[in-house]
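Report on one structure; see the data block that follows.
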Amino acid sequence: MKLLIVSGLSGSGKSIALDTLEDCGYYCIDNLPVTLLEDFISHVMLVDIKTYAKTAIGIDARNQSESLAAFSESLLLIRSKGIDCEIIFMQAEEATLLKRYSETRRRHPLTDLNIPLKEALKLEKEMLTPIAKHASVVIDTSRTHYHQLRDLIRDQIGERDITHISLQFQSFGFKHGVPLDADFVFDARSLPNPYWVPDLRGLTGKDQPVVDFLKEQQLVGELLKDVINFLQRWIPRFEAEGRSYLTVAIGCTGGQHRSVYLVDALARHFKTPSLNVIARHRELN
């Protein structure tokens, strides 16, 4: 049996994640109190294994803080019953969350006359720390729109063969910030930059002229080889430790040329039946 617990900051996309998982065949429940987790598993999931073989439960700051503080004990009880349980934690930068609440005019669950929105966001982050520290995967949605998030949830979680690790390669531009959900970050800014070639400036690392230019650069090939060797050595160790997800981010200045080329090259190299490989280009989207 498979149980996904989806948690995270309000406004980070938990509802989208649950909707997507439901489309992938999960039985989804939003805002189940932590105190009812054990009862739900014992008296519902384990009683009707066929219906609840794949279940996703949303847990957020609407729970009482005492219940959230005891989440570690609840998780131990769940796993002691033989349930394969993973925690998906979603987050976004404070500025992004403030903008989203301003645009939607929704009320944050922790705000009231004495707690303004900015303070509520900080309080919520503290309350959810007991869940976040157990996260199998952390997804940052600061620069992810609705359709991108659905694709990410579906590809990385919803339709993944749970016996294999999910390996995501992501390109990004350092001038736009380092991805908060990356396990490894590699810096490609020391490589020759197609941006300074006038005919290549307006293209991306997906365009053949840029690909040809970078293939001719010895340093590009050396960095690619070094990253491949590093990952080939350590991916089996992550799998042996039971990791289900691994995100490798490659950054250049703008996230348009070098990092895009390297991410596509890495995705092609590691694409095998034993690995679920995803390539994402943050700045191109």
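A note on labels: chains of the structure tokens are A, B, ... as shown, every chain counts residues from 1, and ligands are counted from 1 in their shown order.
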If you count only C-alpha atoms, which residues fall within 10 Å of range 96-112 of chain A, apart from same-chain ones fewer than 3 positions away, as a PyMOL selection string? chain A and resi 9-12+60-62+91-93+115-121+123-124+141-143
Could you pull the residues within 8 Å of Val260 in chain A, counting only C-alpha atoms, minus those fewer than 4 positions along the same chain, as a PyMOL selection string? chain A and resi 171-172+204-206+250+255-256+264+281
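By chain and then residue number, the residues within 10 Å of Thr35 in chain A are Asn63, Gln64, Glu66, Ser67, Leu68, Ala70, Phe71 and Ser74 of chain A, counting only C-alpha atoms and disregarding those fewer than 6 positions away in sequence.
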Please, could you write that set of residues out with N, CA and C atoms as a PDB file, in the first residue's frame?
```pdb
ATOM      1  N   ASN A  63      -4.411  22.231  11.033  1.00  0.00           N
ATOM      2  CA  ASN A  63      -4.329  21.350  12.195  1.00  0.00           C
ATOM      3  C   ASN A  63      -3.913  22.143  13.426  1.00  0.00           C
ATOM      4  N   GLN A  64      -4.240  21.615  14.584  1.00  0.00           N
ATOM      5  CA  GLN A  64      -3.779  22.242  15.823  1.00  0.00           C
ATOM      6  C   GLN A  64      -2.273  22.060  15.951  1.00  0.00           C
ATOM      7  N   GLU A  66      -0.405  21.431  18.412  1.00  0.00           N
ATOM      8  CA  GLU A  66       0.003  20.284  19.220  1.00  0.00           C
ATOM      9  C   GLU A  66       0.023  19.004  18.392  1.00  0.00           C
ATOM     10  N   SER A  67      -0.947  18.873  17.478  1.00  0.00           N
ATOM     11  CA  SER A  67      -1.007  17.688  16.619  1.00  0.00           C
ATOM     12  C   SER A  67       0.168  17.666  15.650  1.00  0.00           C
ATOM     13  N   LEU A  68       0.490  18.826  15.085  1.00  0.00           N
ATOM     14  CA  LEU A  68       1.609  18.900  14.159  1.00  0.00           C
ATOM     15  C   LEU A  68       2.928  18.605  14.864  1.00  0.00           C
ATOM     16  N   ALA A  70       3.426  16.541  17.129  1.00  0.00           N
ATOM     17  CA  ALA A  70       3.522  15.099  17.377  1.00  0.00           C
ATOM     18  C   ALA A  70       3.547  14.293  16.080  1.00  0.00           C
ATOM     19  N   PHE A  71       3.818  14.953  14.958  1.00  0.00           N
ATOM     20  CA  PHE A  71       3.760  14.256  13.675  1.00  0.00           C
ATOM     21  C   PHE A  71       4.768  13.110  13.578  1.00  0.00           C
ATOM     22  N   SER A  74       3.321  10.037  14.926  1.00  0.00           N
ATOM     23  CA  SER A  74       2.286   9.523  14.030  1.00  0.00           C
ATOM     24  C   SER A  74       2.902   8.806  12.838  1.00  0.00           C
TER      25      SER A  74
END
```
Counting only C-alpha atoms, which residue out of A:Leu3, A:Leu18, A:Leu32, A:Ile228 sits closest to Lys81 in chain A? A:Leu3
Extract, using only C-alpha atoms, all DNA, RNA and protein residues at most 7 Å from Leu167 in chain A, discarding same-chain residues fewer than 3 positions from it, and format them as a ChimeraX atom specification. /A:245-247,275-278
Suppose we keep C-alpha atoms; can you now write the selection as a compact mmCIF listing (two decimals), in the first residue's frame?
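As written to disk, result.txt reads:
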```txt
# COMPACT_ATOMS: atom_id res chain seq x y z
CA TYR A 245 13.66 11.48 -5.58
CA LEU A 246 16.85 13.29 -6.54
CA THR A 247 17.00 16.76 -8.10
CA LEU A 275 15.50 5.44 -13.79
CA ASN A 276 12.60 7.83 -14.14
CA VAL A 277 14.37 10.85 -15.67
CA ILE A 278 12.80 14.30 -15.99
```
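Coordinates place CA of Arg280 in chain A at a distance of 26.5 Å from CA of Ile57 in chain A.
DSSP, applied to the backbone of this structure, assigns strand (DSSP E or B) to the following residues of range 11-48 of chain A: Tyr27, Cys28, Ile29 and Asp30 of chain A.
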Those residues you just picked out, can you put them in a file as a PDB file, in the first residue's frame with C-alpha atoms?
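Below is the file result.pdb, written as the result:
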```pdb
ATOM      1  CA  TYR A  27      -7.709   8.366  -3.363  1.00  0.00           C
ATOM      2  CA  CYS A  28      -7.240  11.893  -2.026  1.00  0.00           C
ATOM      3  CA  ILE A  29      -8.288  13.487   1.257  1.00  0.00           C
ATOM      4  CA  ASP A  30      -7.599  17.132   2.062  1.00  0.00           C
TER       5      ASP A  30
END
```
Any idea what the distance is between CA of Ser166 in chain A and CA of Lys215 in chain A? 27.2 Å
Give me the residues near Gly254 in chain A as a ChimeraX atom specification, where near means some atom within 9 Å (using only C-alpha atoms) and where sequence neighbours in that chain fewer than 5 positions away do not count. /A:172-176,259,283
Writer output for current selection, C-alpha atoms, as a CSV table (one decimal), in the first residue's frame:
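Dumped everything to part34.csv:
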```csv
chain,number,residue,atom,x,y,z
A,172,PHE,CA,18.3,27.6,-14.1
A,173,GLY,CA,19.9,31.1,-14.2
A,174,PHE,CA,21.8,32.2,-11.2
A,175,LYS,CA,20.6,35.8,-11.7
A,176,HIS,CA,17.1,34.5,-11.0
A,259,SER,CA,22.7,25.0,-18.4
A,283,GLU,CA,13.9,30.0,-17.2
```
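For the pair CA of Leu21 in chain A and CA of Leu75 in chain A, the separation is 20.8 Å.
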Residues within 12 Å of Leu266 in chain A, please, as a PDB file with N, CA and C atoms, in the first residue's frame. Count only C-alpha atoms; anything in the same chain fewer than 2 positions from it doesn't count.
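Listed below is the output, selection_11.pdb:
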```
ATOM      1  N   LEU A 167      14.759  10.849 -11.034  1.00  0.00           N
ATOM      2  CA  LEU A 167      15.912  11.730 -11.170  1.00  0.00           C
ATOM      3  C   LEU A 167      15.525  12.931 -12.030  1.00  0.00           C
ATOM      4  N   GLN A 168      15.508  14.110 -11.411  1.00  0.00           N
ATOM      5  CA  GLN A 168      15.139  15.325 -12.140  1.00  0.00           C
ATOM      6  C   GLN A 168      16.358  16.205 -12.377  1.00  0.00           C
ATOM      7  N   PHE A 169      16.558  16.589 -13.636  1.00  0.00           N
ATOM      8  CA  PHE A 169      17.584  17.561 -13.993  1.00  0.00           C
ATOM      9  C   PHE A 169      16.893  18.884 -14.294  1.00  0.00           C
ATOM     10  N   GLN A 170      17.397  19.959 -13.707  1.00  0.00           N
ATOM     11  CA  GLN A 170      16.757  21.260 -13.880  1.00  0.00           C
ATOM     12  C   GLN A 170      17.799  22.316 -14.225  1.00  0.00           C
ATOM     13  N   SER A 171      17.557  23.049 -15.318  1.00  0.00           N
ATOM     14  CA  SER A 171      18.416  24.176 -15.648  1.00  0.00           C
ATOM     15  C   SER A 171      17.849  25.443 -15.014  1.00  0.00           C
ATOM     16  N   GLY A 221      32.659  19.593 -22.376  1.00  0.00           N
ATOM     17  CA  GLY A 221      32.722  18.136 -22.332  1.00  0.00           C
ATOM     18  C   GLY A 221      33.305  17.619 -21.034  1.00  0.00           C
ATOM     19  N   LEU A 223      33.210  19.146 -18.013  1.00  0.00           N
ATOM     20  CA  LEU A 223      32.242  19.310 -16.926  1.00  0.00           C
ATOM     21  C   LEU A 223      31.145  18.258 -17.031  1.00  0.00           C
ATOM     22  N   LEU A 224      30.649  18.025 -18.239  1.00  0.00           N
ATOM     23  CA  LEU A 224      29.607  17.016 -18.432  1.00  0.00           C
ATOM     24  C   LEU A 224      30.094  15.644 -17.965  1.00  0.00           C
ATOM     25  N   LYS A 225      31.303  15.299 -18.325  1.00  0.00           N
ATOM     26  CA  LYS A 225      31.865  14.008 -17.919  1.00  0.00           C
ATOM     27  C   LYS A 225      32.015  13.916 -16.403  1.00  0.00           C
ATOM     28  N   ASP A 226      32.465  15.004 -15.777  1.00  0.00           N
ATOM     29  CA  ASP A 226      32.642  15.000 -14.317  1.00  0.00           C
ATOM     30  C   ASP A 226      31.307  14.823 -13.593  1.00  0.00           C
ATOM     31  N   VAL A 227      30.275  15.521 -14.055  1.00  0.00           N
ATOM     32  CA  VAL A 227      28.958  15.393 -13.417  1.00  0.00           C
ATOM     33  C   VAL A 227      28.414  13.983 -13.596  1.00  0.00           C
ATOM     34  N   ILE A 228      28.571  13.415 -14.789  1.00  0.00           N
ATOM     35  CA  ILE A 228      28.101  12.048 -15.050  1.00  0.00           C
ATOM     36  C   ILE A 228      28.806  11.060 -14.126  1.00  0.00           C
ATOM     37  N   ASN A 229      30.127  11.187 -14.003  1.00  0.00           N
ATOM     38  CA  ASN A 229      30.884  10.272 -13.141  1.00  0.00           C
ATOM     39  C   ASN A 229      30.448  10.398 -11.687  1.00  0.00           C
ATOM     40  N   PHE A 230      30.227  11.634 -11.253  1.00  0.00           N
ATOM     41  CA  PHE A 230      29.780  11.860  -9.874  1.00  0.00           C
ATOM     42  C   PHE A 230      28.441  11.183  -9.618  1.00  0.00           C
ATOM     43  N   LEU A 231      27.487  11.406 -10.517  1.00  0.00           N
ATOM     44  CA  LEU A 231      26.148  10.853 -10.317  1.00  0.00           C
ATOM     45  C   LEU A 231      26.133   9.334 -10.456  1.00  0.00           C
ATOM     46  N   GLN A 232      26.906   8.805 -11.392  1.00  0.00           N
ATOM     47  CA  GLN A 232      26.947   7.350 -11.545  1.00  0.00           C
ATOM     48  C   GLN A 232      27.477   6.678 -10.280  1.00  0.00           C
ATOM     49  N   VAL A 248      18.849  17.399  -9.515  1.00  0.00           N
ATOM     50  CA  VAL A 248      20.167  17.926  -9.848  1.00  0.00           C
ATOM     51  C   VAL A 248      19.960  19.201 -10.666  1.00  0.00           C
ATOM     52  N   ALA A 249      20.433  20.320 -10.156  1.00  0.00           N
ATOM     53  CA  ALA A 249      20.260  21.604 -10.833  1.00  0.00           C
ATOM     54  C   ALA A 249      21.569  22.047 -11.462  1.00  0.00           C
ATOM     55  N   ILE A 250      21.493  22.492 -12.719  1.00  0.00           N
ATOM     56  CA  ILE A 250      22.647  23.018 -13.435  1.00  0.00           C
ATOM     57  C   ILE A 250      22.363  24.484 -13.728  1.00  0.00           C
ATOM     58  N   SER A 259      23.356  25.860 -19.329  1.00  0.00           N
ATOM     59  CA  SER A 259      22.670  24.952 -18.405  1.00  0.00           C
ATOM     60  C   SER A 259      21.612  24.121 -19.121  1.00  0.00           C
ATOM     61  N   VAL A 260      20.946  24.704 -20.102  1.00  0.00           N
ATOM     62  CA  VAL A 260      19.920  23.976 -20.865  1.00  0.00           C
ATOM     63  C   VAL A 260      20.562  22.829 -21.653  1.00  0.00           C
ATOM     64  N   TYR A 261      21.665  23.131 -22.311  1.00  0.00           N
ATOM     65  CA  TYR A 261      22.382  22.098 -23.074  1.00  0.00           C
ATOM     66  C   TYR A 261      22.822  20.959 -22.154  1.00  0.00           C
ATOM     67  N   LEU A 262      23.411  21.295 -21.007  1.00  0.00           N
ATOM     68  CA  LEU A 262      23.918  20.273 -20.091  1.00  0.00           C
ATOM     69  C   LEU A 262      22.796  19.418 -19.514  1.00  0.00           C
ATOM     70  N   VAL A 263      21.681  20.048 -19.148  1.00  0.00           N
ATOM     71  CA  VAL A 263      20.550  19.293 -18.603  1.00  0.00           C
ATOM     72  C   VAL A 263      20.021  18.293 -19.632  1.00  0.00           C
ATOM     73  N   ASP A 264      19.861  18.719 -20.876  1.00  0.00           N
ATOM     74  CA  ASP A 264      19.374  17.800 -21.907  1.00  0.00           C
ATOM     75  C   ASP A 264      20.367  16.671 -22.152  1.00  0.00           C
ATOM     76  N   ARG A 268      19.553  12.659 -21.428  1.00  0.00           N
ATOM     77  CA  ARG A 268      19.726  11.621 -22.445  1.00  0.00           C
ATOM     78  C   ARG A 268      20.641  10.515 -21.935  1.00  0.00           C
ATOM     79  N   HIS A 269      21.701  10.895 -21.240  1.00  0.00           N
ATOM     80  CA  HIS A 269      22.668   9.899 -20.768  1.00  0.00           C
ATOM     81  C   HIS A 269      22.053   8.948 -19.735  1.00  0.00           C
ATOM     82  N   PHE A 270      21.252   9.500 -18.814  1.00  0.00           N
ATOM     83  CA  PHE A 270      20.741   8.690 -17.708  1.00  0.00           C
ATOM     84  C   PHE A 270      19.380   8.058 -17.991  1.00  0.00           C
ATOM     85  N   LYS A 271      18.804   8.320 -19.161  1.00  0.00           N
ATOM     86  CA  LYS A 271      17.488   7.781 -19.483  1.00  0.00           C
ATOM     87  C   LYS A 271      17.589   6.274 -19.714  1.00  0.00           C
ATOM     88  N   THR A 272      17.155   5.501 -18.729  1.00  0.00           N
ATOM     89  CA  THR A 272      17.152   4.045 -18.819  1.00  0.00           C
ATOM     90  C   THR A 272      15.874   3.525 -18.192  1.00  0.00           C
ATOM     91  N   VAL A 277      13.593   9.627 -15.462  1.00  0.00           N
ATOM     92  CA  VAL A 277      14.374  10.847 -15.673  1.00  0.00           C
ATOM     93  C   VAL A 277      13.475  11.949 -16.216  1.00  0.00           C
ATOM     94  N   ILE A 278      13.584  13.126 -15.595  1.00  0.00           N
ATOM     95  CA  ILE A 278      12.800  14.296 -15.992  1.00  0.00           C
ATOM     96  C   ILE A 278      13.761  15.454 -16.255  1.00  0.00           C
ATOM     97  N   ALA A 279      13.543  16.185 -17.338  1.00  0.00           N
ATOM     98  CA  ALA A 279      14.329  17.375 -17.645  1.00  0.00           C
ATOM     99  C   ALA A 279      13.428  18.604 -17.579  1.00  0.00           C
ATOM    100  N   ARG A 280      13.834  19.598 -16.789  1.00  0.00           N
ATOM    101  CA  ARG A 280      13.064  20.833 -16.644  1.00  0.00           C
ATOM    102  C   ARG A 280      13.963  22.028 -16.915  1.00  0.00           C
TER     103      ARG A 280
END
```
Taking into account only C-alpha atoms, which residue in the set A:Ala95, A:Val210, A:Val138, A:Leu191 is nearest to Pro179 in chain A? A:Val138
The residue from A:Pro192, A:Val185, A:Asn285, A:Arg79 with the smallest atom-to-atom distance to Thr144 in chain A, counting only C-alpha atoms, is A:Asn285
